[in-house]
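J.: As input, take work.tsv (TSV, C-alpha atoms):
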chain	number	residue	atom	x	y	z
A	1	MET	CA	0.00	0.00	0.00
A	2	ASN	CA	1.53	3.29	-1.02
A	3	HIS	CA	2.15	6.29	1.16
A	4	LYS	CA	-0.09	8.58	-0.83
A	5	THR	CA	-3.27	6.64	-0.14
A	6	LYS	CA	-2.28	6.14	3.44
A	7	ALA	CA	-1.75	9.86	3.85
A	8	ILE	CA	-5.05	10.66	2.19
A	9	SER	CA	-7.06	8.30	4.32
A	10	PHE	CA	-5.29	9.46	7.45
A	11	SER	CA	-5.88	13.10	6.73
A	12	LEU	CA	-9.52	12.26	6.12
A	13	ALA	CA	-9.75	10.81	9.58
A	14	MET	CA	-8.00	13.83	11.05
A	15	LEU	CA	-10.29	16.16	9.20
A	16	MET	CA	-13.36	14.41	10.47
A	17	SER	CA	-12.21	14.41	14.04
A	18	ALA	CA	-11.17	18.04	13.72
A	19	PHE	CA	-14.67	18.75	12.51
A	20	ALA	CA	-16.02	16.84	15.48
A	21	TRP	CA	-13.96	18.97	17.87
A	22	ASN	CA	-15.06	22.11	16.18
A	23	THR	CA	-18.77	21.42	16.48
A	24	GLN	CA	-18.18	20.25	20.00
A	25	SER	CA	-16.41	23.39	21.04
A	26	TYR	CA	-19.29	25.45	19.68
A	27	ALA	CA	-21.73	23.30	21.59
A	28	ASN	CA	-19.62	23.72	24.66
A	29	GLU	CA	-19.30	27.46	24.41
A	30	ALA	CA	-23.04	27.54	24.85
A	31	THR	CA	-23.18	25.16	27.78
A	32	GLY	CA	-19.95	26.32	29.37
A	33	VAL	CA	-18.60	22.77	29.81
A	34	GLU	CA	-14.86	22.29	29.30
A	35	LEU	CA	-13.61	19.94	26.59
A	36	PRO	CA	-11.99	16.68	27.60
A	37	VAL	CA	-8.30	16.58	26.64
A	38	MET	CA	-7.50	13.76	24.21
A	39	LEU	CA	-4.22	11.87	24.54
A	40	ALA	CA	-4.49	10.03	21.24
A	41	GLU	CA	-6.36	10.43	18.00
A	42	ILE	CA	-6.83	6.72	17.69
A	43	SER	CA	-9.17	5.92	20.53
A	44	SER	CA	-11.62	8.19	22.26
A	45	VAL	CA	-11.16	6.32	25.55
A	46	ASN	CA	-7.78	8.00	26.03
A	47	THR	CA	-9.05	11.26	27.39
A	48	PHE	CA	-6.85	12.81	30.04
A	49	ASN	CA	-9.56	12.59	32.69
A	50	VAL	CA	-11.70	9.54	32.28
A	51	ASN	CA	-13.45	9.70	35.62
A	52	LEU	CA	-12.99	13.23	36.91
A	53	LYS	CA	-16.34	14.91	37.35
A	54	LYS	CA	-15.89	18.59	37.79
A	55	PRO	CA	-18.74	21.05	37.75
A	56	LYS	CA	-17.66	23.82	35.43
A	57	SER	CA	-20.20	26.33	36.54
A	58	ARG	CA	-21.99	26.87	39.79
A	59	ASN	CA	-25.24	28.36	41.03
A	60	LEU	CA	-26.91	28.47	37.62
A	61	PRO	CA	-30.33	30.08	37.27
A	62	PRO	CA	-33.17	27.51	37.25
A	63	ALA	CA	-33.81	27.80	33.52
A	64	GLU	CA	-30.26	26.65	32.72
A	65	ASP	CA	-29.64	24.10	35.44
A	66	GLY	CA	-30.63	20.98	33.54
A	67	ILE	CA	-33.47	19.86	35.83
A	68	HIS	CA	-35.96	22.72	35.36
A	69	ASP	CA	-37.87	22.87	32.09
A	70	PRO	CA	-37.10	26.19	30.35
A	71	GLU	CA	-40.27	25.77	28.31
A	72	ASN	CA	-42.32	26.09	31.47
A	73	GLU	CA	-43.07	29.81	31.81
A	74	ALA	CA	-43.05	29.77	35.61
A	75	THR	CA	-39.48	28.43	35.57
A	76	HIS	CA	-38.44	31.97	34.64
A	77	SER	CA	-40.19	33.36	37.74
A	78	LEU	CA	-38.11	31.19	40.05
A	79	GLN	CA	-35.32	32.87	41.95
A	80	HIS	CA	-31.70	32.82	40.81
A	81	PRO	CA	-29.68	31.28	43.68
A	82	LEU	CA	-27.02	33.98	43.39
A	83	ASP	CA	-29.60	36.70	44.07
A	84	ALA	CA	-30.58	34.87	47.24
A	85	TYR	CA	-26.99	34.33	48.35
A	86	LYS	CA	-25.91	37.97	48.06
A	87	GLY	CA	-24.13	39.02	51.24
A	88	LEU	CA	-24.01	35.53	52.75
A	89	PRO	CA	-20.62	34.09	53.79
A	90	THR	CA	-19.28	31.79	51.07
A	91	SER	CA	-17.77	28.31	51.07
A	92	GLU	CA	-16.04	26.13	48.48
A	93	TYR	CA	-18.60	23.33	48.20
A	94	GLY	CA	-22.28	22.42	48.16
A	95	ASN	CA	-24.31	25.57	47.61
A	96	TYR	CA	-21.06	27.57	48.02
A	97	VAL	CA	-22.66	29.21	51.05
A	98	ASP	CA	-21.38	28.74	54.60
A	99	TRP	CA	-24.73	28.11	56.22
A	100	VAL	CA	-23.37	27.79	59.77
A	101	LYS	CA	-21.51	31.08	59.57
A	102	ALA	CA	-24.55	32.76	58.04
A	103	LEU	CA	-26.57	31.88	61.16
A	104	ASP	CA	-23.75	32.71	63.57
A	105	GLU	CA	-23.24	36.13	62.01
A	106	GLY	CA	-26.96	36.80	62.07
A	107	LYS	CA	-27.08	37.17	58.28
A	108	LEU	CA	-29.89	34.62	58.15
A	109	ARG	CA	-32.79	34.14	60.50
A	110	PRO	CA	-34.71	31.12	59.27
A	111	ARG	CA	-37.83	30.32	61.27
A	112	TRP	CA	-37.82	27.57	63.90
A	113	ASP	CA	-41.61	27.45	63.69
A	114	ARG	CA	-43.74	27.37	60.57
A	115	SER	CA	-45.69	30.51	61.42
A	116	ASP	CA	-44.14	32.15	64.51
A	117	PRO	CA	-41.02	34.10	63.49
A	118	ASN	CA	-39.99	34.68	67.13
A	119	GLU	CA	-39.64	31.13	68.37
A	120	GLU	CA	-36.04	30.29	69.28
A	121	PRO	CA	-34.29	26.97	68.64
A	122	PHE	CA	-33.42	24.60	71.48
A	123	VAL	CA	-29.63	24.60	71.20
A	124	LEU	CA	-27.45	22.01	72.93
A	125	ASP	CA	-23.74	22.87	73.18
A	126	LEU	CA	-22.09	19.46	73.48
A	127	ASP	CA	-19.15	18.23	71.43
A	128	ILE	CA	-18.70	14.49	70.94
A	129	VAL	CA	-15.16	13.39	70.06
A	130	ARG	CA	-14.85	10.18	68.05
A	131	PRO	CA	-11.26	8.88	67.94
A	132	VAL	CA	-10.45	7.42	64.53
A	133	LYS	CA	-8.13	4.43	64.05
A	134	ALA	CA	-6.85	5.80	60.75
A	135	SER	CA	-4.27	8.57	60.42
A	136	VAL	CA	-6.86	11.27	59.71
A	137	PRO	CA	-7.61	13.71	62.55
A	138	ASP	CA	-10.26	12.59	65.05
A	139	VAL	CA	-13.89	13.49	64.42
A	140	VAL	CA	-15.63	16.12	66.51
A	141	PHE	CA	-19.40	16.07	66.26
A	142	PRO	CA	-20.69	19.46	67.44
A	143	HIS	CA	-24.27	19.45	68.78
A	144	ARG	CA	-24.45	23.25	68.73
A	145	GLN	CA	-24.32	23.79	64.97
A	146	HIS	CA	-26.70	20.88	64.44
A	147	THR	CA	-29.32	21.91	66.96
A	148	GLU	CA	-29.36	25.40	65.44
A	149	TRP	CA	-30.99	23.73	62.43
A	150	LEU	CA	-32.40	20.42	63.62
A	151	TYR	CA	-34.38	18.98	66.51
A	152	CYS	CA	-33.10	16.11	68.69
A	153	SER	CA	-35.63	13.70	67.19
A	154	ASN	CA	-34.26	14.27	63.69
A	155	CYS	CA	-31.25	12.21	64.79
A	156	HIS	CA	-32.20	10.43	68.03
A	157	PRO	CA	-32.85	7.54	68.09
A	158	ALA	CA	-33.45	6.71	64.42
A	159	ILE	CA	-29.99	7.67	63.11
A	160	PHE	CA	-27.91	7.72	66.33
A	161	ILE	CA	-28.45	6.20	69.78
A	162	PRO	CA	-27.87	9.18	72.11
A	163	GLN	CA	-24.89	7.70	73.89
A	164	LYS	CA	-21.24	8.43	73.32
A	165	ASN	CA	-19.57	5.81	71.10
A	166	ALA	CA	-22.65	3.58	71.08
A	167	ASN	CA	-22.89	3.96	67.31
A	168	GLN	CA	-20.69	2.30	64.75
A	169	ILE	CA	-19.84	4.89	62.15
A	170	SER	CA	-17.53	4.38	59.21
A	171	MET	CA	-16.62	6.39	56.16
A	172	SER	CA	-18.12	3.79	53.83
A	173	ALA	CA	-21.48	4.05	55.59
A	174	ILE	CA	-21.33	7.85	55.36
A	175	LEU	CA	-20.50	7.79	51.66
A	176	LEU	CA	-23.44	5.53	51.01
A	177	GLY	CA	-25.83	7.90	52.73
A	178	GLU	CA	-26.08	6.41	56.21
A	179	LYS	CA	-25.23	7.91	59.65
A	180	CYS	CA	-23.73	11.39	59.09
A	181	GLY	CA	-24.32	10.73	55.37
A	182	VAL	CA	-28.09	10.94	55.79
A	183	CYS	CA	-27.63	14.72	55.58
A	184	HIS	CA	-23.99	15.28	54.60
A	185	GLY	CA	-23.71	14.68	50.91
A	186	LYS	CA	-27.38	15.49	50.40
A	187	VAL	CA	-28.33	18.84	51.97
A	188	SER	CA	-25.60	19.72	54.48
A	189	PHE	CA	-22.07	20.10	53.16
A	190	PRO	CA	-20.98	17.27	50.83
A	191	ILE	CA	-18.21	14.72	51.45
A	192	GLU	CA	-15.26	15.75	49.33
A	193	THR	CA	-11.58	16.53	49.80
A	194	LYS	CA	-12.29	20.10	50.77
A	195	THR	CA	-14.63	19.07	53.61
A	196	CYS	CA	-12.72	16.18	55.25
A	197	ARG	CA	-11.29	18.53	57.85
A	198	LYS	CA	-14.63	19.97	58.84
A	199	CYS	CA	-15.49	16.68	60.54
A	200	HIS	CA	-11.94	15.42	61.05
A	201	SER	CA	-11.00	18.49	63.02
A	202	LYS	CA	-9.17	17.31	66.16
A	203	PRO	CA	-5.44	16.76	65.56
A	204	LYS	CA	-4.02	13.42	66.67
A	205	PRO	CA	-2.01	13.42	69.94
A	206	ALA	CA	1.71	14.12	69.44
A	207	GLY	CA	3.67	11.05	68.42
A	208	TRP	CA	0.61	9.15	67.16
A	209	THR	CA	1.33	6.65	64.41
A	210	PRO	CA	-1.15	4.39	62.63
A	211	PRO	CA	-1.50	0.96	64.30
A	212	LEU	CA	0.32	-1.80	62.43
A	213	SER	CA	-1.82	-4.37	60.69
A	214	GLU	CA	-1.88	-8.02	61.78
A	215	ALA	CA	-0.25	-8.99	58.51
A	216	THR	CA	2.70	-6.75	59.29
A	217	LEU	CA	3.04	-7.94	62.89
A	218	LYS	CA	2.94	-11.61	61.89
A	219	ASN	CA	4.95	-11.22	58.70
A	220	PRO	CA	7.37	-14.20	58.76
A	221	TRP	CA	9.73	-12.51	56.28
A	222	LYS	CA	10.20	-9.22	58.09
B	1	MET	CA	-4.76	-2.66	-4.64
B	2	SER	CA	-7.86	-0.59	-5.19
B	3	SER	CA	-9.86	-2.71	-2.76
B	4	LYS	CA	-7.10	-2.21	-0.23
B	5	ILE	CA	-7.34	1.56	-0.59
B	6	LYS	CA	-11.08	1.38	-0.20
B	7	ARG	CA	-10.70	-0.64	2.94
B	8	ASN	CA	-8.16	1.80	4.28
B	9	VAL	CA	-10.33	4.81	3.53
B	10	LEU	CA	-13.25	3.04	5.09
B	11	GLN	CA	-11.21	2.26	8.17
B	12	SER	CA	-10.12	5.85	8.53
B	13	MET	CA	-13.65	7.05	8.07
B	14	ILE	CA	-14.86	4.71	10.76
B	15	ILE	CA	-12.17	6.03	13.07
B	16	GLY	CA	-13.22	9.56	12.21
B	17	VAL	CA	-16.87	8.81	12.86
B	18	LEU	CA	-16.00	7.09	16.14
B	19	ALA	CA	-13.91	10.08	17.23
B	20	TYR	CA	-16.82	12.33	16.34
B	21	MET	CA	-19.32	10.28	18.27
B	22	GLY	CA	-16.93	9.89	21.18
B	23	ALA	CA	-16.52	13.64	21.37
B	24	LEU	CA	-20.24	14.32	21.29
B	25	GLY	CA	-21.11	11.40	23.52
B	26	VAL	CA	-19.38	12.90	26.58
B	27	PRO	CA	-22.21	13.13	29.10
B	28	GLN	CA	-23.00	16.65	30.21
B	29	PRO	CA	-24.46	16.36	33.69
B	30	ALA	CA	-27.18	18.64	35.02
B	31	GLN	CA	-25.76	21.56	36.99
B	32	ALA	CA	-28.65	22.16	39.32
B	33	GLU	CA	-28.23	23.72	42.72
B	34	TYR	CA	-26.93	21.38	45.42
B	35	ALA	CA	-29.82	19.68	47.31
B	36	ASP	CA	-32.51	20.35	44.72
B	37	ILE	CA	-34.96	17.44	44.60
B	38	VAL	CA	-36.98	16.28	41.62
B	39	ILE	CA	-40.10	14.48	42.87
B	40	ASN	CA	-41.72	12.32	40.25
B	41	ASN	CA	-43.56	9.37	41.77
B	42	TYR	CA	-46.81	10.21	40.02
B	43	ALA	CA	-46.56	13.52	38.16
B	44	ASP	CA	-45.35	12.19	34.80
B	45	ALA	CA	-48.00	9.52	34.71
B	46	ALA	CA	-50.67	12.17	35.32
B	47	GLY	CA	-49.32	14.38	32.54
B	48	MET	CA	-47.78	17.01	34.83
B	49	ARG	CA	-44.12	18.05	34.84
B	50	PRO	CA	-42.25	16.59	37.83
B	51	ALA	CA	-42.21	18.78	40.96
B	52	VAL	CA	-38.88	20.42	41.88
B	53	PHE	CA	-38.20	21.23	45.54
B	54	PRO	CA	-35.30	23.65	46.19
B	55	HIS	CA	-33.76	23.09	49.65
B	56	TRP	CA	-31.58	26.20	49.38
B	57	PHE	CA	-34.58	28.47	48.90
B	58	HIS	CA	-36.51	26.99	51.81
B	59	ARG	CA	-33.62	26.76	54.28
B	60	ILE	CA	-33.11	30.50	53.99
B	61	ARG	CA	-36.64	30.84	55.41
B	62	PHE	CA	-37.04	27.79	57.65
B	63	ARG	CA	-34.81	25.54	59.72
B	64	CYS	CA	-34.82	21.85	58.85
B	65	LYS	CA	-36.83	21.18	62.02
B	66	VAL	CA	-39.95	22.87	60.66
B	67	CYS	CA	-40.33	20.43	57.78
B	68	HIS	CA	-38.53	17.37	59.06
B	69	THR	CA	-39.99	17.37	62.59
B	70	ASP	CA	-43.17	19.46	62.69
B	71	LEU	CA	-44.48	18.66	59.21
B	72	GLY	CA	-43.24	15.08	59.19
B	73	PHE	CA	-41.24	15.00	55.93
B	74	ALA	CA	-39.14	11.82	56.18
B	75	PHE	CA	-35.49	12.10	55.04
B	76	LYS	CA	-36.11	10.33	51.75
B	77	ALA	CA	-36.57	11.87	48.32
B	78	GLY	CA	-39.86	10.56	46.99
B	79	GLY	CA	-40.39	8.68	50.24
B	80	ASN	CA	-43.29	10.75	51.53
B	81	LYS	CA	-45.69	9.80	48.74
B	82	ILE	CA	-46.81	13.38	48.42
B	83	ASP	CA	-49.85	13.84	46.20
B	84	MET	CA	-52.26	16.70	45.51
B	85	ALA	CA	-54.96	15.34	47.83
B	86	LYS	CA	-52.57	15.59	50.78
B	87	ILE	CA	-51.38	19.03	49.67
B	88	ILE	CA	-54.88	20.55	49.49
B	89	ASP	CA	-55.61	19.04	52.91
B	90	GLY	CA	-52.78	21.12	54.32
B	91	LYS	CA	-50.18	18.39	54.60
B	92	PHE	CA	-46.58	18.49	53.30
B	93	CYS	CA	-46.13	21.40	50.85
B	94	GLY	CA	-49.75	22.34	51.59
B	95	ALA	CA	-48.88	23.29	55.17
B	96	CYS	CA	-47.35	26.47	53.77
B	97	HIS	CA	-48.43	26.77	50.13
B	98	ASN	CA	-51.93	27.71	51.21
B	99	GLY	CA	-52.06	31.43	50.53
B	100	GLU	CA	-51.13	32.28	54.13
B	101	ILE	CA	-47.46	31.46	54.61
B	102	ALA	CA	-46.57	31.13	50.93
B	103	TRP	CA	-48.37	31.50	47.61
B	104	SER	CA	-51.14	29.06	47.19
B	105	VAL	CA	-51.60	25.84	45.34
B	106	GLU	CA	-53.14	27.16	42.12
B	107	ASN	CA	-49.64	28.16	40.96
B	108	CYS	CA	-49.19	24.68	39.58
B	109	ALA	CA	-46.28	25.49	37.30
B	110	MET	CA	-44.14	27.00	40.09
B	111	CYS	CA	-43.76	23.54	41.64
B	112	HIS	CA	-44.32	21.44	38.52
B	113	SER	CA	-41.34	22.91	36.72
B	114	GLY	CA	-39.09	19.88	36.08
B	115	ILE	CA	-38.06	18.53	32.70
B	116	PRO	CA	-40.53	15.73	31.95
B	117	GLY	CA	-39.30	12.17	32.24
B	118	GLN	CA	-36.72	12.72	35.00
B	119	PRO	CA	-36.78	10.13	37.78
B	120	THR	CA	-37.14	11.17	41.40
B	121	HIS	CA	-33.66	12.16	42.51
B	122	PHE	CA	-31.57	14.29	44.78
B	123	HIS	CA	-29.28	16.60	42.89
B	124	GLY	CA	-25.57	16.78	43.69
B	125	SER	CA	-25.51	14.04	46.30
B	126	THR	CA	-22.15	12.49	47.14
B	127	VAL	CA	-23.46	9.05	46.19
B	128	GLN	CA	-24.06	10.29	42.65
B	129	ARG	CA	-20.48	11.55	42.47
B	130	LEU	CA	-18.92	8.21	43.42
B	131	ILE	CA	-17.24	6.67	40.43
B	132	ALA	CA	-18.03	2.99	40.93
B	133	PRO	CA	-21.82	2.77	41.03
B	134	ALA	CA	-22.98	4.93	38.14
B	135	TYR	CA	-25.91	7.19	38.89
B	136	GLN	CA	-29.03	5.19	39.52
B	137	PRO	CA	-32.41	6.72	40.13
B	138	LEU	CA	-33.94	5.96	43.49
B	139	PRO	CA	-36.49	3.19	43.32
B	140	THR	CA	-39.94	4.67	43.07
B	141	ASN	CA	-42.65	3.61	45.42
B	142	ASP	CA	-44.53	2.12	42.52
B	143	ALA	CA	-41.59	-0.06	41.61
B	144	LYS	CA	-41.44	-1.43	45.13
B	145	LYS	CA	-45.04	-2.55	45.11
Would it be possible to restate this file's structure as structure tokens?

T.:
Amino acid sequence: MNHKTKAISFSLAMLMSAFAWNTQSYANEATGVELPVMLAEISSVNTFNVNLKKPKSRNLPPAEDGIHDPENEATHSLQHPLDAYKGLPTSEYGNYVDWVKALDEGKLRPRWDRSDPNEEPFVLDLDIVRPVKASVPDVVFPHRQHTEWLYCSNCHPAIFIPQKNANQISMSAILLGEKCGVCHGKVSFPIETKTCRKCHSKPKPAGWTPPLSEATLKNPWK
Amino acid sequence: MSSKIKRNVLQSMIIGVLAYMGALGVPQPAQAEYADIVINNYADAAGMRPAVFPHWFHRIRFRCKVCHTDLGFAFKAGGNKIDMAKIIDGKFCGACHNGEIAWSVENCAMCHSGIPGQPTHFHGSTVQRLIAPAYQPLPTNDAKK
């Protein structure tokens, strides 16, 4: 097979994929989603990030958010989240609002009662420390911030038995939406790298090292 | 020779087409506000758009306790089997969307504003962002029956 035909067919392929990129970049200018970076022309599975999911834009107005129907007229009467968040302290995750700080600074006064704006929450100031076997800092569960928003019966006894260390909690359970994950990862701040230290907030005692595994202790070749 | 060229051209074209489809086939996820819920146990079947409940909008006005203790919303998207009969009797959304605390129930399209055909789901949840189990809609109550 001669080089000429090879070159022709190859350039055809390049042309077509170039065309594909072009139309895609137009499509993406409209939606604001970044293009995946290709590592090879040959196979489309070789994108630089195969599994990275990164929201490219945040706090979109309802008509552009992908769940509201822009053809529904009332959709355009719904509030733009950014209008609502003006002046509230910000965060780097979830709604990008620091809801706890907003309450603490008095920037928000959500009602504790459906109709009476003056009823005050029943706040309990009690921190529960949960030592963690792994090398991450220990977990501090603060009742205060929770009881600003929630009532005791939202957690006790259905999610947590109200007794220190009576509940088995693990990261896998949380990630699957149990225990702390009933709310965190749904409505309260999500579980991602930027939030680990919000829960894992108590530094390990000086000189702490991770416990050695059985396999290491009993390793006959060590 | 000529058949070989044809095959080669064809091959390249297939590659081109695949690259094209691969590029366009990249899923573009919804970018709704964190904690928005689409509730669609019954709405689609009755010819209404699914209802969309924005947590962010409501938590500016009410603490979680009002809905999740006083009004009895269980912590489960789609799990409260909300329907219009309950709403006009003053339960669930109807405890407030009654013309006294918030605009009343005749503003159908304010709540029924979702893109038709979406399953009941919680937007932006950590479970949906996990790589291993691809996004799966929550089982509907009908499916459980």

J.: Taking only C-alpha atoms into account, which of B:Asp44, B:Asp83, B:Glu106, B:Glu100 comes nearest chain A?

T.: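 Ranked by minimum distance to chain A, first place goes to B:Glu100.
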
J.: Looking at A:Pro157, A:Pro137, A:Gly177, A:Pro131, which one is nearest to chain B, with distances taken over all atoms listed in the file?

T.: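 Nearest to chain B: A:Gly177.
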
J.: I'd like the interatomic distance between atom CA of A:Pro210 and atom CA of A:Lys133, to a tenth of an Å.

T.: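 About the pair atom CA of A:Pro210 and atom CA of A:Lys133: they are 7.1 Å apart.
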
J.: So what do you get for atom CA of B:Tyr42 versus atom CA of A:Glu71, distance-wise?

T.: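 These two atoms are separated by 20.5 Å.
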
J.: Determine the nearest neighbour of A:Val123 from the options A:Lys101, A:Arg111, A:Thr147, A:Pro61, counting all atoms listed in the file.

T.: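 Selected residue with least distance to A:Val123: A:Thr147.
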
J.: Only all heavy atoms, please: stretch 141-150 of chain A from the block, as a PDB file, in the first residue's frame.

T.:
ATOM      1  N   PHE A 141     -18.023  15.797  66.651  1.00  0.00           N
ATOM      2  CA  PHE A 141     -19.400  16.068  66.260  1.00  0.00           C
ATOM      3  C   PHE A 141     -19.931  17.190  67.152  1.00  0.00           C
ATOM      4  O   PHE A 141     -20.056  17.012  68.360  1.00  0.00           O
ATOM      5  CB  PHE A 141     -20.275  14.820  66.407  1.00  0.00           C
ATOM      6  CG  PHE A 141     -21.729  15.145  66.225  1.00  0.00           C
ATOM      7  CD1 PHE A 141     -22.276  15.207  64.953  1.00  0.00           C
ATOM      8  CD2 PHE A 141     -22.548  15.440  67.310  1.00  0.00           C
ATOM      9  CE1 PHE A 141     -23.605  15.552  64.764  1.00  0.00           C
ATOM     10  CE2 PHE A 141     -23.880  15.793  67.133  1.00  0.00           C
ATOM     11  CZ  PHE A 141     -24.410  15.849  65.862  1.00  0.00           C
ATOM     12  N   PRO A 142     -20.217  18.355  66.609  1.00  0.00           N
ATOM     13  CA  PRO A 142     -20.690  19.461  67.435  1.00  0.00           C
ATOM     14  C   PRO A 142     -22.219  19.507  67.486  1.00  0.00           C
ATOM     15  O   PRO A 142     -22.876  19.681  66.456  1.00  0.00           O
ATOM     16  CB  PRO A 142     -20.147  20.688  66.687  1.00  0.00           C
ATOM     17  CG  PRO A 142     -20.067  20.266  65.238  1.00  0.00           C
ATOM     18  CD  PRO A 142     -20.015  18.770  65.204  1.00  0.00           C
ATOM     19  N   HIS A 143     -22.814  19.349  68.688  1.00  0.00           N
ATOM     20  CA  HIS A 143     -24.272  19.453  68.777  1.00  0.00           C
ATOM     21  C   HIS A 143     -24.765  20.877  68.479  1.00  0.00           C
ATOM     22  O   HIS A 143     -25.842  21.053  67.954  1.00  0.00           O
ATOM     23  CB  HIS A 143     -24.762  19.031  70.169  1.00  0.00           C
ATOM     24  CG  HIS A 143     -25.091  17.572  70.276  1.00  0.00           C
ATOM     25  ND1 HIS A 143     -24.172  16.643  70.659  1.00  0.00           N
ATOM     26  CD2 HIS A 143     -26.245  16.893  70.037  1.00  0.00           C
ATOM     27  CE1 HIS A 143     -24.734  15.443  70.662  1.00  0.00           C
ATOM     28  NE2 HIS A 143     -25.995  15.561  70.282  1.00  0.00           N
ATOM     29  N   ARG A 144     -23.939  21.883  68.849  1.00  0.00           N
ATOM     30  CA  ARG A 144     -24.446  23.248  68.732  1.00  0.00           C
ATOM     31  C   ARG A 144     -24.890  23.580  67.304  1.00  0.00           C
ATOM     32  O   ARG A 144     -26.045  23.924  67.071  1.00  0.00           O
ATOM     33  CB  ARG A 144     -23.403  24.281  69.176  1.00  0.00           C
ATOM     34  CG  ARG A 144     -23.940  25.714  69.117  1.00  0.00           C
ATOM     35  CD  ARG A 144     -22.875  26.761  69.410  1.00  0.00           C
ATOM     36  NE  ARG A 144     -21.892  26.905  68.345  1.00  0.00           N
ATOM     37  CZ  ARG A 144     -22.086  27.610  67.218  1.00  0.00           C
ATOM     38  NH1 ARG A 144     -23.238  28.191  66.998  1.00  0.00           N
ATOM     39  NH2 ARG A 144     -21.132  27.707  66.319  1.00  0.00           N
ATOM     40  N   GLN A 145     -23.986  23.439  66.338  1.00  0.00           N
ATOM     41  CA  GLN A 145     -24.323  23.793  64.968  1.00  0.00           C
ATOM     42  C   GLN A 145     -25.493  22.969  64.442  1.00  0.00           C
ATOM     43  O   GLN A 145     -26.255  23.433  63.593  1.00  0.00           O
ATOM     44  CB  GLN A 145     -23.115  23.593  64.053  1.00  0.00           C
ATOM     45  CG  GLN A 145     -21.987  24.598  64.273  1.00  0.00           C
ATOM     46  CD  GLN A 145     -20.986  24.101  65.274  1.00  0.00           C
ATOM     47  OE1 GLN A 145     -21.369  23.562  66.310  1.00  0.00           O
ATOM     48  NE2 GLN A 145     -19.706  24.278  65.017  1.00  0.00           N
ATOM     49  N   HIS A 146     -25.607  21.731  64.929  1.00  0.00           N
ATOM     50  CA  HIS A 146     -26.701  20.883  64.442  1.00  0.00           C
ATOM     51  C   HIS A 146     -28.035  21.295  65.028  1.00  0.00           C
ATOM     52  O   HIS A 146     -29.046  21.308  64.337  1.00  0.00           O
ATOM     53  CB  HIS A 146     -26.405  19.404  64.735  1.00  0.00           C
ATOM     54  CG  HIS A 146     -25.351  18.845  63.832  1.00  0.00           C
ATOM     55  ND1 HIS A 146     -24.022  18.852  64.166  1.00  0.00           N
ATOM     56  CD2 HIS A 146     -25.424  18.314  62.583  1.00  0.00           C
ATOM     57  CE1 HIS A 146     -23.316  18.334  63.172  1.00  0.00           C
ATOM     58  NE2 HIS A 146     -24.143  18.001  62.204  1.00  0.00           N
ATOM     59  N   THR A 147     -28.024  21.593  66.353  1.00  0.00           N
ATOM     60  CA  THR A 147     -29.317  21.907  66.962  1.00  0.00           C
ATOM     61  C   THR A 147     -29.760  23.332  66.633  1.00  0.00           C
ATOM     62  O   THR A 147     -30.885  23.715  66.946  1.00  0.00           O
ATOM     63  CB  THR A 147     -29.279  21.671  68.492  1.00  0.00           C
ATOM     64  OG1 THR A 147     -28.114  22.309  69.025  1.00  0.00           O
ATOM     65  CG2 THR A 147     -29.217  20.185  68.792  1.00  0.00           C
ATOM     66  N   GLU A 148     -28.903  24.122  65.991  1.00  0.00           N
ATOM     67  CA  GLU A 148     -29.362  25.396  65.436  1.00  0.00           C
ATOM     68  C   GLU A 148     -30.365  25.136  64.304  1.00  0.00           C
ATOM     69  O   GLU A 148     -31.243  25.940  64.045  1.00  0.00           O
ATOM     70  CB  GLU A 148     -28.180  26.192  64.856  1.00  0.00           C
ATOM     71  CG  GLU A 148     -27.225  26.755  65.885  1.00  0.00           C
ATOM     72  CD  GLU A 148     -27.652  28.127  66.384  1.00  0.00           C
ATOM     73  OE1 GLU A 148     -28.723  28.598  65.958  1.00  0.00           O
ATOM     74  OE2 GLU A 148     -26.916  28.704  67.203  1.00  0.00           O
ATOM     75  N   TRP A 149     -30.151  24.015  63.596  1.00  0.00           N
ATOM     76  CA  TRP A 149     -30.994  23.725  62.428  1.00  0.00           C
ATOM     77  C   TRP A 149     -32.036  22.644  62.692  1.00  0.00           C
ATOM     78  O   TRP A 149     -33.138  22.677  62.155  1.00  0.00           O
ATOM     79  CB  TRP A 149     -30.119  23.244  61.256  1.00  0.00           C
ATOM     80  CG  TRP A 149     -29.254  24.280  60.627  1.00  0.00           C
ATOM     81  CD1 TRP A 149     -27.930  24.488  60.855  1.00  0.00           C
ATOM     82  CD2 TRP A 149     -29.644  25.262  59.650  1.00  0.00           C
ATOM     83  NE1 TRP A 149     -27.475  25.526  60.071  1.00  0.00           N
ATOM     84  CE2 TRP A 149     -28.505  26.015  59.319  1.00  0.00           C
ATOM     85  CE3 TRP A 149     -30.862  25.548  59.002  1.00  0.00           C
ATOM     86  CZ2 TRP A 149     -28.539  27.057  58.381  1.00  0.00           C
ATOM     87  CZ3 TRP A 149     -30.889  26.582  58.079  1.00  0.00           C
ATOM     88  CH2 TRP A 149     -29.735  27.329  57.780  1.00  0.00           C
ATOM     89  N   LEU A 150     -31.614  21.653  63.502  1.00  0.00           N
ATOM     90  CA  LEU A 150     -32.396  20.421  63.625  1.00  0.00           C
ATOM     91  C   LEU A 150     -32.909  20.229  65.042  1.00  0.00           C
ATOM     92  O   LEU A 150     -32.402  20.822  65.991  1.00  0.00           O
ATOM     93  CB  LEU A 150     -31.512  19.224  63.260  1.00  0.00           C
ATOM     94  CG  LEU A 150     -31.036  19.151  61.802  1.00  0.00           C
ATOM     95  CD1 LEU A 150     -29.663  18.515  61.705  1.00  0.00           C
ATOM     96  CD2 LEU A 150     -32.052  18.388  60.960  1.00  0.00           C
TER      97      LEU A 150
END
